[in-house]
Amino acid sequence: MLDSELSISVAGIGKRYRIGAAQERSDTLRDLIVTQASHLRQAFQPGQRNARASRDHIWALKDISFEVKKGQALGIIGRNGAGKSTLLKILSRVTDPTEGYGQLRGRVGSLLEVGTGFHPELTGRENIYLNGAILGMHKKEIEARFDEIVAFSEVEQFIDTPVKRYSSGMYLRLAFAVAAHLEPEILVVDEVLAVGDADFQRKCLGKMGDVAQQGRTVLFVSHNMSAIQRLTQESIVLEKGKVLLRAPSDEAVDFYLNRGLSKVGERYWEPDEVPASAAPFRPLAIRLLDKNGQVSDSLRSVDPITIEIEYELSEDITGLRVGYYLNTSRGESVFTSFDTDAHELYEEYRSRPKGVYVSRCTIPGYTLNEGRFSLGINASSYRIRRYFQDDQALSFSVDASGAPGTQWPEPRPGAVRPALGWVIEERI
Amino acid sequence: MDTPETLSGSQTVILKPARGWLGIDLRELWNYRELIYFLTWRDIKVRYKQAALGITWVILQPLITALVSTFVFSRSLNVNSGSLPYPLFVLSAYLPWHLFANSLTKSSASLVGNANLITKVYFPRIIIPLASVLSSVLDFAISLVILLAAMAVYQVPFTWGMLWILPFAVMAMLVALSAGLWFSALNVQYRDVQQLLPFISQTWLYITPVLYPINVGDSPLFRTIYSLNPMVGVVQGFRWALFGGTPPDANLWASFGAVFLLLITGIYFFRRMEKTFADVV
């Protein structure tokens, strides 16, 4: 039995998947027959069998053990594929662990997504009831909180309109409003705060904070390090399906960011991905580097960010400029920059001889605000020709920890977060 | 805010690898009754919202079927429906058949259709095929009105005995649920099931005396084997309840036995496959 102080206790939890389980399942009976036949063949060649079994399976989680006290908010940090989502799925009983044992005390509410089960044909009102029931609320509870939910969602006027007519913002607000009024003893939340506009995000964060204040146990997964720091006291860092560290959240966030665990930040173009029309220009790679020169897709607002574009010219090109568009994840332009923007470089590279090049640009520290950004790449000769363009070449996230103003736990609107020189004078 | 009663009580939830064969947890299912209600309600609501003619379809379907089959089987092929007018003969069997076939089609596709729920939220998975079977009840109730109207036209006397159709309707739904449990679980793994289902449904119709009468001259052994198709029991039961004639005999037990077996194996098979739904669907 659980110690009465504990809310969650898991020991040695592991989850094994067939590699590419989603794609390689026996989708049709023909596949089934083929795989069964090959199993049969293996049965006669026992030596190969084990080798194959271990090659076909992957442990998404291995030997996960931790405990969470009642009323504690625990963050779970890790890069994509570290096993965060799998862990949440096991804790919310969507899927069973392959091994290990766990106990959860009390009613578990899981928010692996907002708006689970929303039906576009149904009205806002109908979807509140449906979604509430799916999330585990009773009809009476939903009725009791109905007005509160509607007020929180700010879609009163459209409550009897089918949600397919909603804007995406309204849809998300309504969905989150239902979720936010779920009152389980244990709340498992996956990255649902990364929705809506800044105002609404603030409201959601506030609501999440309340939940934690009310003595409920919260497990919170996010790529937003500031949100992790705001909402949780302690965090665990996952890497390759294992718990790497459990520490107070500030420490865990530092550890995670410095370890460069989020090593995506790079994109290569294979020759067949580049349209023939791009020749003689051929993009090779674009990558993001942190202040230590490590490739990363989670960068810090306070540190310089370096962008490298690597490309090959099979002929000399006149007037070439290679550069990028920086956009927020909502598609608003932040700025655009080309490698020959500066006059000296423009003069020097009036004609660029054939060869392999790297164009490198550093965005100084204290420039970008927290959030997700995307990089588009463009190679062109002004008024002559656009050789290559990819509007979504790379995306990355910026973490604001340590940036000006982070002493106040509120999201700051805007794409940039410069450190500006304020002076405060007293008028006499 | 106090919660009247919690879904899992305030008891402890155990996470562990599921092994072996599991039965069905009726208590848990009872705790989730409101979800069953809401999913059924959603299925019904959405169906009528999307169709331009809405509820009219439910009325047109049995009417058209009755007209077409009267023309084909009674006029052209001279199928003998005994003393009963052929349109009534067909309608009385088509109604439970349609309830069954509709429920079967919907429940078989239900898990795949609700993949987004399965991968995001926990609840007893059996609720999904169950709700799709239940959502066919409204269609059935409406088409029942058509049947009653047709009976009034042909001046068939109404009796209390007609209420016997209700247990037989429940039986039709149980047959659909049992088969639906098998097919929906298989469909998660092998999408062929969806392709196969129309043929299964069609064949099942042919081996059920919907469009033709049972040949009373057949040997008793054949009749018993024939009744292993539980829909035979359902259709015969309907005709008997509405129009009288030979009451259900011992062969009905063969139908009962078949449903029972199908349901139990369906539940166990479903529960066994259930563990991998979220990973595979």
# chains A, B, ... in the order shown; residues from 1 in each chain; ligands from 1
>>> closest_atom_pairs(of="chain A", to="chain B", cutoff="8 Å", atoms="only C-alpha atoms", output="JSON lines")
{"residue": "A:Ala21", "atom": "CA", "partner": "B:Val280", "partner_atom": "CA", "distance": 6.5}
{"residue": "A:Ala22", "atom": "CA", "partner": "B:Val280", "partner_atom": "CA", "distance": 5.7}
{"residue": "A:Arg25", "atom": "CA", "partner": "B:Val280", "partner_atom": "CA", "distance": 7.0}
{"residue": "A:Ser26", "atom": "CA", "partner": "B:Gln189", "partner_atom": "CA", "distance": 6.5}
{"residue": "A:Asp27", "atom": "CA", "partner": "B:Tyr190", "partner_atom": "CA", "distance": 4.9}
{"residue": "A:Thr28", "atom": "CA", "partner": "B:Tyr190", "partner_atom": "CA", "distance": 4.9}
{"residue": "A:Leu29", "atom": "CA", "partner": "B:Tyr190", "partner_atom": "CA", "distance": 6.2}
{"residue": "A:Lys89", "atom": "CA", "partner": "B:Lys120", "partner_atom": "CA", "distance": 7.5}
{"residue": "A:Ile90", "atom": "CA", "partner": "B:Leu15", "partner_atom": "CA", "distance": 7.6}
{"residue": "A:Leu91", "atom": "CA", "partner": "B:Leu15", "partner_atom": "CA", "distance": 7.5}
{"residue": "A:Ser92", "atom": "CA", "partner": "B:Tyr122", "partner_atom": "CA", "distance": 6.6}
{"residue": "A:Arg93", "atom": "CA", "partner": "B:Tyr122", "partner_atom": "CA", "distance": 5.6}
{"residue": "A:Val94", "atom": "CA", "partner": "B:Tyr122", "partner_atom": "CA", "distance": 4.9}
{"residue": "A:Thr95", "atom": "CA", "partner": "B:Ala278", "partner_atom": "CA", "distance": 6.0}
{"residue": "A:Asp96", "atom": "CA", "partner": "B:Pro17", "partner_atom": "CA", "distance": 5.6}
{"residue": "A:Pro97", "atom": "CA", "partner": "B:Pro17", "partner_atom": "CA", "distance": 5.1}
{"residue": "A:Thr98", "atom": "CA", "partner": "B:Pro17", "partner_atom": "CA", "distance": 5.2}
{"residue": "A:Glu99", "atom": "CA", "partner": "B:Pro17", "partner_atom": "CA", "distance": 5.6}
{"residue": "A:Gly100", "atom": "CA", "partner": "B:Lys16", "partner_atom": "CA", "distance": 6.1}
{"residue": "A:Tyr101", "atom": "CA", "partner": "B:Lys16", "partner_atom": "CA", "distance": 4.8}
{"residue": "A:Gly102", "atom": "CA", "partner": "B:Leu15", "partner_atom": "CA", "distance": 4.6}
{"residue": "A:Gln103", "atom": "CA", "partner": "B:Ile14", "partner_atom": "CA", "distance": 4.7}
{"residue": "A:Leu104", "atom": "CA", "partner": "B:Val13", "partner_atom": "CA", "distance": 4.9}
{"residue": "A:Arg105", "atom": "CA", "partner": "B:Thr12", "partner_atom": "CA", "distance": 4.4}
{"residue": "A:Gly106", "atom": "CA", "partner": "B:Ser10", "partner_atom": "CA", "distance": 4.6}
{"residue": "A:Arg107", "atom": "CA", "partner": "B:Ser8", "partner_atom": "CA", "distance": 5.9}
{"residue": "A:Ser110", "atom": "CA", "partner": "B:Val121", "partner_atom": "CA", "distance": 6.7}
{"residue": "A:Leu111", "atom": "CA", "partner": "B:Lys120", "partner_atom": "CA", "distance": 7.7}
{"residue": "A:Leu112", "atom": "CA", "partner": "B:Lys120", "partner_atom": "CA", "distance": 5.8}
{"residue": "A:Glu113", "atom": "CA", "partner": "B:Lys120", "partner_atom": "CA", "distance": 7.0}
{"residue": "A:Thr116", "atom": "CA", "partner": "B:Leu117", "partner_atom": "CA", "distance": 6.3}
{"residue": "A:Gly117", "atom": "CA", "partner": "B:Leu117", "partner_atom": "CA", "distance": 6.0}
{"residue": "A:Glu121", "atom": "CA", "partner": "B:Val46", "partner_atom": "CA", "distance": 6.4}
{"residue": "A:Leu122", "atom": "CA", "partner": "B:Val46", "partner_atom": "CA", "distance": 7.0}
{"residue": "A:Tyr129", "atom": "CA", "partner": "B:Phe38", "partner_atom": "CA", "distance": 7.8}
{"residue": "A:Leu130", "atom": "CA", "partner": "B:Phe38", "partner_atom": "CA", "distance": 6.0}
{"residue": "A:Ala133", "atom": "CA", "partner": "B:Leu35", "partner_atom": "CA", "distance": 5.5}
{"residue": "A:Ile134", "atom": "CA", "partner": "B:Leu35", "partner_atom": "CA", "distance": 6.4}
{"residue": "A:Leu135", "atom": "CA", "partner": "B:Val121", "partner_atom": "CA", "distance": 7.0}
{"residue": "A:Gly136", "atom": "CA", "partner": "B:Leu7", "partner_atom": "CA", "distance": 6.9}
{"residue": "A:His138", "atom": "CA", "partner": "B:Glu34", "partner_atom": "CA", "distance": 6.9}
{"residue": "A:Lys139", "atom": "CA", "partner": "B:Glu34", "partner_atom": "CA", "distance": 7.2}
{"residue": "A:Glu141", "atom": "CA", "partner": "B:Thr3", "partner_atom": "CA", "distance": 7.1}
>>> select_by_dssp(residues="segment 114-342 of chain A", states="alpha helix (DSSP H)", output="PyMOL selection string")
chain A and resi 124-134+139-153+168-180+198-213+225-231+249-259
>>> atom_distance(atom1="atom CA of Met208 of chain A", atom2="atom CA of His119 of chain A")
25.2 Å
>>> atom_distance(atom1="atom CA of Ala131 of chain B", atom2="atom CA of Leu26 of chain B")
15.2 Å
>>> residues_around(residues="segment 64-77 of chain A", least_positions_apart="6", cutoff="9 Å", atoms="only C-alpha atoms", output="MDAnalysis selection string")
chainID A and resid 4:14 84 87 100 102 105 185:186 212:223 225 228:229 231:239 241:243 246 249 252:253 256
>>> atom_distance(atom1="atom CA of Ser380 of chain A", atom2="atom CA of Phe338 of chain A")
9.8 Å
>>> residues_around(residues="segment 386-399 of chain A", least_positions_apart="3", cutoff="6 Å", atoms="only C-alpha atoms", output="list of chain:residue names")
A:Ala278, A:Asp297, A:Ser298, A:Leu299, A:Arg300, A:Ser301, A:Glu370, A:Gly371, A:Arg372, A:Phe373, A:Ser374, A:Leu375, A:Gly376, A:Ile377, A:Asn378, A:Ala379, A:Ser380
>>> residues_around(residues="Ser178 of chain B", least_positions_apart="3", cutoff="8 Å", atoms="only C-alpha atoms", output="ChimeraX atom specification")
/B:174-175,181-182,259,262-264,266-267
>>> residues_around(residues="segment 281-292 of chain A", least_positions_apart="3", cutoff="6 Å", atoms="only C-alpha atoms", output="number ranges by chain")
A: 265-269, 278, 295-296, 304-313
>>> select_by_dssp(residues="segment 7-161 of chain B", states="strand (DSSP E or B)", output="list of chain:residue names")
B:Thr12, B:Val13, B:Ile14, B:Leu15
>>> write_last_selection(atoms="N, CA and C atoms", output="short mmCIF file (atom, residue, chain, number, x, y, z; two decimals), in the first residue's frame")
data_model
loop_
_atom_site.label_atom_id
_atom_site.label_comp_id
_atom_site.auth_asym_id
_atom_site.auth_seq_id
_atom_site.Cartn_x
_atom_site.Cartn_y
_atom_site.Cartn_z
N THR B 12 -6.84 3.31 -5.07
CA THR B 12 -5.57 3.36 -5.75
C THR B 12 -5.66 2.72 -7.13
N VAL B 13 -5.05 3.41 -8.08
CA VAL B 13 -4.98 2.86 -9.43
C VAL B 13 -3.66 2.13 -9.56
N ILE B 14 -3.72 0.94 -10.05
CA ILE B 14 -2.51 0.15 -10.19
C ILE B 14 -2.06 0.15 -11.65
N LEU B 15 -0.80 0.42 -11.86
CA LEU B 15 -0.24 0.32 -13.20
C LEU B 15 0.64 -0.92 -13.23
#
>>> closest_residue(among="B:Trp57, B:Phe222, B:Phe238, B:Phe270", to="Met171 of chain B", atoms="only C-alpha atoms")
B:Phe238
>>> closest_residue(among="B:Leu29, B:Ile127, B:Leu228, B:Ile59", to="Phe256 of chain B", atoms="only C-alpha atoms")
B:Leu228
>>> residues_around(residues="segment 90-100 of chain B", least_positions_apart="3", cutoff="9 Å", atoms="only C-alpha atoms", output="PDB file with N, CA and C atoms, in the first residue's frame")
ATOM      1  N   PRO B  62     -36.404   1.558 -44.536  1.00  0.00           N
ATOM      2  CA  PRO B  62     -37.216   0.332 -44.493  1.00  0.00           C
ATOM      3  C   PRO B  62     -38.323   0.346 -45.544  1.00  0.00           C
ATOM      4  N   LEU B  63     -38.865   1.533 -45.843  1.00  0.00           N
ATOM      5  CA  LEU B  63     -39.937   1.612 -46.831  1.00  0.00           C
ATOM      6  C   LEU B  63     -39.451   1.181 -48.204  1.00  0.00           C
ATOM      7  N   THR B  65     -36.754  -0.559 -48.913  1.00  0.00           N
ATOM      8  CA  THR B  65     -36.392  -1.972 -48.902  1.00  0.00           C
ATOM      9  C   THR B  65     -37.638  -2.841 -49.056  1.00  0.00           C
ATOM     10  N   ALA B  66     -38.681  -2.479 -48.317  1.00  0.00           N
ATOM     11  CA  ALA B  66     -39.902  -3.284 -48.383  1.00  0.00           C
ATOM     12  C   ALA B  66     -40.484  -3.258 -49.787  1.00  0.00           C
ATOM     13  N   SER B  69     -38.052  -5.198 -52.298  1.00  0.00           N
ATOM     14  CA  SER B  69     -38.045  -6.652 -52.142  1.00  0.00           C
ATOM     15  C   SER B  69     -39.419  -7.245 -52.437  1.00  0.00           C
ATOM     16  N   THR B  70     -40.468  -6.476 -52.189  1.00  0.00           N
ATOM     17  CA  THR B  70     -41.790  -6.975 -52.558  1.00  0.00           C
ATOM     18  C   THR B  70     -41.839  -7.186 -54.065  1.00  0.00           C
ATOM     19  N   SER B  81     -44.938 -16.061 -48.960  1.00  0.00           N
ATOM     20  CA  SER B  81     -44.866 -15.641 -47.566  1.00  0.00           C
ATOM     21  C   SER B  81     -46.063 -16.143 -46.763  1.00  0.00           C
ATOM     22  N   PRO B  85     -49.190 -10.813 -45.896  1.00  0.00           N
ATOM     23  CA  PRO B  85     -48.817 -10.006 -47.070  1.00  0.00           C
ATOM     24  C   PRO B  85     -47.299  -9.847 -47.100  1.00  0.00           C
ATOM     25  N   TYR B  86     -46.723  -9.990 -48.286  1.00  0.00           N
ATOM     26  CA  TYR B  86     -45.260  -9.982 -48.370  1.00  0.00           C
ATOM     27  C   TYR B  86     -44.616  -8.715 -47.791  1.00  0.00           C
ATOM     28  N   PRO B  87     -45.137  -7.511 -48.066  1.00  0.00           N
ATOM     29  CA  PRO B  87     -44.502  -6.307 -47.499  1.00  0.00           C
ATOM     30  C   PRO B  87     -44.388  -6.379 -45.970  1.00  0.00           C
ATOM     31  N   SER B 103     -25.878  -1.826 -36.327  1.00  0.00           N
ATOM     32  CA  SER B 103     -25.057  -1.871 -35.121  1.00  0.00           C
ATOM     33  C   SER B 103     -23.728  -2.536 -35.417  1.00  0.00           C
ATOM     34  N   LEU B 104     -23.779  -3.592 -36.207  1.00  0.00           N
ATOM     35  CA  LEU B 104     -22.552  -4.331 -36.503  1.00  0.00           C
ATOM     36  C   LEU B 104     -21.583  -3.455 -37.288  1.00  0.00           C
ATOM     37  N   THR B 105     -22.084  -2.798 -38.316  1.00  0.00           N
ATOM     38  CA  THR B 105     -21.220  -1.961 -39.147  1.00  0.00           C
ATOM     39  C   THR B 105     -20.591  -0.861 -38.305  1.00  0.00           C
ATOM     40  N   VAL B 133     -23.420   0.503 -30.773  1.00  0.00           N
ATOM     41  CA  VAL B 133     -24.577  -0.386 -30.888  1.00  0.00           C
ATOM     42  C   VAL B 133     -25.818   0.308 -30.323  1.00  0.00           C
ATOM     43  N   SER B 136     -27.915   2.797 -32.373  1.00  0.00           N
ATOM     44  CA  SER B 136     -28.830   2.342 -33.431  1.00  0.00           C
ATOM     45  C   SER B 136     -30.258   2.201 -32.922  1.00  0.00           C
ATOM     46  N   VAL B 137     -30.432   2.289 -31.604  1.00  0.00           N
ATOM     47  CA  VAL B 137     -31.762   2.055 -31.039  1.00  0.00           C
ATOM     48  C   VAL B 137     -32.771   3.081 -31.533  1.00  0.00           C
ATOM     49  N   ASP B 139     -32.878   4.729 -34.393  1.00  0.00           N
ATOM     50  CA  ASP B 139     -33.305   4.364 -35.748  1.00  0.00           C
ATOM     51  C   ASP B 139     -34.354   3.268 -35.690  1.00  0.00           C
ATOM     52  N   PHE B 140     -34.068   2.296 -34.843  1.00  0.00           N
ATOM     53  CA  PHE B 140     -34.972   1.156 -34.733  1.00  0.00           C
ATOM     54  C   PHE B 140     -36.340   1.622 -34.247  1.00  0.00           C
ATOM     55  N   SER B 143     -38.194   3.329 -37.019  1.00  0.00           N
ATOM     56  CA  SER B 143     -38.673   2.452 -38.087  1.00  0.00           C
ATOM     57  C   SER B 143     -39.795   1.549 -37.581  1.00  0.00           C
ATOM     58  N   LEU B 144     -39.828   1.363 -36.267  1.00  0.00           N
ATOM     59  CA  LEU B 144     -40.912   0.582 -35.679  1.00  0.00           C
ATOM     60  C   LEU B 144     -42.264   1.249 -35.949  1.00  0.00           C
ATOM     61  N   ILE B 146     -43.038   2.887 -38.580  1.00  0.00           N
ATOM     62  CA  ILE B 146     -43.401   2.534 -39.953  1.00  0.00           C
ATOM     63  C   ILE B 146     -44.081   1.168 -39.973  1.00  0.00           C
ATOM     64  N   LEU B 147     -43.473   0.244 -39.254  1.00  0.00           N
ATOM     65  CA  LEU B 147     -44.018  -1.109 -39.232  1.00  0.00           C
ATOM     66  C   LEU B 147     -45.438  -1.094 -38.665  1.00  0.00           C
ATOM     67  N   ALA B 150     -47.775   0.207 -41.161  1.00  0.00           N
ATOM     68  CA  ALA B 150     -48.044  -0.785 -42.205  1.00  0.00           C
ATOM     69  C   ALA B 150     -49.014  -1.846 -41.696  1.00  0.00           C
ATOM     70  N   ILE B 165     -41.412  -8.486 -29.012  1.00  0.00           N
ATOM     71  CA  ILE B 165     -40.343  -8.079 -29.942  1.00  0.00           C
ATOM     72  C   ILE B 165     -39.198  -7.400 -29.199  1.00  0.00           C
ATOM     73  N   PHE B 168     -36.441  -9.647 -28.186  1.00  0.00           N
ATOM     74  CA  PHE B 168     -35.756 -10.108 -29.400  1.00  0.00           C
ATOM     75  C   PHE B 168     -34.900  -8.999 -30.011  1.00  0.00           C
ATOM     76  N   ALA B 169     -35.352  -7.747 -29.847  1.00  0.00           N
ATOM     77  CA  ALA B 169     -34.528  -6.632 -30.330  1.00  0.00           C
ATOM     78  C   ALA B 169     -33.236  -6.553 -29.517  1.00  0.00           C
ATOM     79  N   ALA B 172     -30.943  -9.061 -30.816  1.00  0.00           N
ATOM     80  CA  ALA B 172     -30.287  -8.640 -32.061  1.00  0.00           C
ATOM     81  C   ALA B 172     -29.098  -7.737 -31.753  1.00  0.00           C
ATOM     82  N   MET B 173     -29.276  -6.855 -30.748  1.00  0.00           N
ATOM     83  CA  MET B 173     -28.184  -5.956 -30.400  1.00  0.00           C
ATOM     84  C   MET B 173     -27.029  -6.708 -29.749  1.00  0.00           C
ATOM     85  N   LEU B 174     -27.380  -7.731 -28.990  1.00  0.00           N
ATOM     86  CA  LEU B 174     -26.316  -8.526 -28.375  1.00  0.00           C
ATOM     87  C   LEU B 174     -25.510  -9.273 -29.442  1.00  0.00           C
ATOM     88  N   VAL B 175     -26.210  -9.782 -30.445  1.00  0.00           N
ATOM     89  CA  VAL B 175     -25.498 -10.457 -31.538  1.00  0.00           C
ATOM     90  C   VAL B 175     -24.556  -9.455 -32.201  1.00  0.00           C
ATOM     91  N   ALA B 176     -25.080  -8.227 -32.459  1.00  0.00           N
ATOM     92  CA  ALA B 176     -24.266  -7.207 -33.115  1.00  0.00           C
ATOM     93  C   ALA B 176     -23.074  -6.830 -32.236  1.00  0.00           C
ATOM     94  N   LEU B 177     -23.322  -6.692 -30.937  1.00  0.00           N
ATOM     95  CA  LEU B 177     -22.235  -6.319 -30.031  1.00  0.00           C
ATOM     96  C   LEU B 177     -21.166  -7.410 -30.014  1.00  0.00           C
ATOM     97  N   LEU B 205     -27.092 -12.004 -44.223  1.00  0.00           N
ATOM     98  CA  LEU B 205     -28.484 -11.731 -44.604  1.00  0.00           C
ATOM     99  C   LEU B 205     -29.077 -12.923 -45.359  1.00  0.00           C
ATOM    100  N   THR B 208     -30.187 -15.765 -43.272  1.00  0.00           N
ATOM    101  CA  THR B 208     -31.212 -15.424 -42.293  1.00  0.00           C
ATOM    102  C   THR B 208     -32.537 -15.278 -43.040  1.00  0.00           C
ATOM    103  N   PRO B 209     -33.626 -15.826 -42.505  1.00  0.00           N
ATOM    104  CA  PRO B 209     -34.889 -15.795 -43.256  1.00  0.00           C
ATOM    105  C   PRO B 209     -35.576 -14.431 -43.209  1.00  0.00           C
ATOM    106  N   VAL B 210     -34.911 -13.432 -43.816  1.00  0.00           N
ATOM    107  CA  VAL B 210     -35.504 -12.100 -43.847  1.00  0.00           C
ATOM    108  C   VAL B 210     -36.388 -11.957 -45.074  1.00  0.00           C
ATOM    109  N   LEU B 211     -35.807 -12.336 -46.248  1.00  0.00           N
ATOM    110  CA  LEU B 211     -36.514 -12.126 -47.509  1.00  0.00           C
ATOM    111  C   LEU B 211     -37.317 -13.354 -47.914  1.00  0.00           C
ATOM    112  N   TYR B 212     -37.011 -14.486 -47.305  1.00  0.00           N
ATOM    113  CA  TYR B 212     -37.714 -15.725 -47.647  1.00  0.00           C
ATOM    114  C   TYR B 212     -38.155 -16.381 -46.340  1.00  0.00           C
ATOM    115  N   MET B 231     -29.437 -14.827 -35.542  1.00  0.00           N
ATOM    116  CA  MET B 231     -30.398 -13.932 -36.175  1.00  0.00           C
ATOM    117  C   MET B 231     -31.639 -14.688 -36.658  1.00  0.00           C
ATOM    118  N   VAL B 234     -33.881 -14.444 -33.811  1.00  0.00           N
ATOM    119  CA  VAL B 234     -34.403 -13.081 -33.679  1.00  0.00           C
ATOM    120  C   VAL B 234     -35.547 -12.845 -34.669  1.00  0.00           C
ATOM    121  N   VAL B 235     -35.289 -13.183 -35.929  1.00  0.00           N
ATOM    122  CA  VAL B 235     -36.267 -12.905 -36.977  1.00  0.00           C
ATOM    123  C   VAL B 235     -37.537 -13.724 -36.770  1.00  0.00           C
ATOM    124  N   GLN B 236     -37.352 -14.999 -36.434  1.00  0.00           N
ATOM    125  CA  GLN B 236     -38.515 -15.847 -36.174  1.00  0.00           C
ATOM    126  C   GLN B 236     -39.306 -15.317 -34.985  1.00  0.00           C
ATOM    127  N   PHE B 238     -39.490 -12.259 -33.927  1.00  0.00           N
ATOM    128  CA  PHE B 238     -40.216 -11.053 -34.324  1.00  0.00           C
ATOM    129  C   PHE B 238     -41.517 -11.406 -35.030  1.00  0.00           C
ATOM    130  N   ARG B 239     -41.414 -12.319 -35.989  1.00  0.00           N
ATOM    131  CA  ARG B 239     -42.615 -12.657 -36.771  1.00  0.00           C
ATOM    132  C   ARG B 239     -43.671 -13.300 -35.888  1.00  0.00           C
ATOM    133  N   LEU B 242     -45.330 -10.630 -33.622  1.00  0.00           N
ATOM    134  CA  LEU B 242     -46.215  -9.689 -34.309  1.00  0.00           C
ATOM    135  C   LEU B 242     -47.431 -10.359 -34.934  1.00  0.00           C
TER     136      LEU B 242
END
